[in-house]
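> Handing you this structure, nothing more for now.
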Amino acid sequence: MHYEIRELKDHVGEIVDVRGWLYNRRGSGKILFLQVRDGTGTVQAVMGKNDVSEAEFNIGKGLGNESSVIVTAEVKTEPRSPIGVELHVKKLNVLQDVKDYPIQISEDVPNIDWLLDRRHLWVRSKVPHAILKVRSEVVQAIREFYYQRGFVLYDAPIFTPASCEGVSTLFEVPYFDEKAYLTQSGQLYGETGAMAFGKVVVFGPTFRAEKSKTRRHLTEFWMVEPEVAFLELDGIMDLAEDQVRYVVTRALDKCKEELKILERDTSILERVAERFPRVSYGEMQGVLQKLKADFAASGDEKLVKLSGDILKNGLGDDLGAADETAVGIHYKRPVMIHRYPSEVKAFYMKRDPADPNFVLCVDVIAPEGVGEVIGGGQRADDLKYLEEQVIKHKIPPETIDWYLDLRRFGSVPHGGFGMGVERCVQWITGCEHVRETIPFPRTIYRTKP
Ligand code: 4AD
Ligand code: MG
């Protein structure tokens, strides 16, 4: 009978088949210890010289890593094993004996670019395997969060006629006799869904021609974008906070094993249970000024260096990476920064009636250097204002007129946000670079494998 490795603890005393790959092997002339993995776990298979035929033992002795095998064995309790059991081999069936598997099991990771060139194999190794398991759990948590709350899944197109987030990061593609753009965000389509279904969630890949080589940017990434009719900024912030809390809490609960493999200190993640501070852009300028001074005087080399880059962009500009890092160091949990200057935000944002120099937007900043994980806000709902914005932002009217119909036919206050799945996984797993959070990352210099 075949079982997955994760099921073995329930089959102590039985003779089972385990199908998988040799992760590692050690042993002497008389006894071999084969680490077998099948994707659901790793188990030690003990093979004594007298347990199998001489031919099988000899094959086992020379078996290379990542050889594909079917092991017939008895499941025995083993308290020292992380899964509580080990296998005592009766029969070893080798499907393919592999020699010279290129990736070594070693702690000191070689060049990450070298590994990414072999990503098709590297996904079998412990660390990437754990990160991608967390990603899978995060995506499932996102889907369940919205499903439980009655959101309708609403898929947006990938080929689009117009930009959503500014032309500088648009990927243009030939489209028969015309041209189209890969979507930067499904939001404009999400808004059509909100007017049809009340609450929708768009979830799919998005594309940005990011020329910057940072640890937070991909050219292809997945975004989850809820959009809700009659929801205003405070409600949008509530939704974002609830969603982040739900996803992180669930990952902490379901991915304990993976987070242990990743040696993740989860203390800051656990602080999602607390309320996220909500600070306006204006108030944050004051906080950052104080942090800049405090860090400069701290005597801590890293903080002093960071201090030099805080508020580099100046008042009225977007916050920089250093500002977001400082915010994370200060608050040690996700922070919501709302009401940015209208000049730095997209054309569709609604102006703050209290001060029209600012818009009713919100960014959620994750701590530990990850920075912005969510961007969103309330949408401009006035036709005349949006028409002016379209002209101001030089958006070809014929590509966006359909969107303006939403303000002609039953316009209501509404809004939503987008969360980058990879940035969220990056924060939860604590990995250095966002490219490790997706099976096949796409960046300015990488379209392979
Ligand atoms: O802040 P952004 O640009 O917002 C939008 O696209 C809105 N239209 C979303 C909405 O309101 N429905 O992007 C949203 C999030 C960011 O906070 C970040 O997490 C992620 O998308 N993101 C990226 N992730 C990886 N690589 C990139 N190049 C990213 N650009 C944005
Ligand atoms: Mg943003």
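Following the order of the structure tokens, first chain is A, next is B, and so on, with residues numbered from 1 inside each chain and ligands from 1 in the order they appear.
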Determine, using only C-alpha atoms, which residues of region 158-246 of chain A have any atom at most 12 Å from an atom of region 254-269 of chain A, and tabulate each with its shortest atom pair and distance in Å to one decimal place, rows ordered by chain and then rising number, as a tab-separated table.

```
residue	atom	partner	partner_atom	distance
A:Val244	CA	A:Leu269	CA	10.5
A:Arg245	CA	A:Leu269	CA	9.3
A:Tyr246	CA	A:Leu269	CA	11.6
```
> Find the residues around Thr192 (chain A) up to 9 Å (only C-alpha atoms counted), leave out those fewer than 5 positions away in its own chain, and share them as a ChimeraX atom specification.
/A:187,197,403,406
> What residues have any atom no more than 8 Å from ligand 2 when counting only C-alpha atoms and all ligand atoms, and can you list them as a list in words?
Asp363, Glu372, Ile374, Gly375 and Gly376 of chain A
> If you count only C-alpha atoms and all ligand atoms, which residues end up within 8 Å of ligand 1, as a ChimeraX atom specification?
/A:164-165,184-188,190,207-210,216-227,363-364,372-377,415-424,434
> Select, from A:Pro161, A:Gln140, A:Thr72, A:Tyr181, the residue with the minimum atom-to-atom distance to Asp401 (chain A), counting only C-alpha atoms.
A:Pro161
> Taking only C-alpha atoms into account, which of A:Met284, A:Met349, A:Leu231, A:Leu360 comes nearest Ala326 (chain A)?
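Under the stated criterion, the closest residue is A:Met284.
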> So, with only C-alpha atoms as the atoms that count, which of A:Glu56, A:Asp300, A:Tyr189, A:Asp117 lies closest to Leu404 (chain A)?
A:Tyr189
> Which residues in region 30-200 of chain A does DSSP call strand (DSSP E or B)? List them as a PyMOL selection string.
chain A and resi 31-37+42-48+68-77+85-96+152-153+159-160+172-175+178-182+199-200
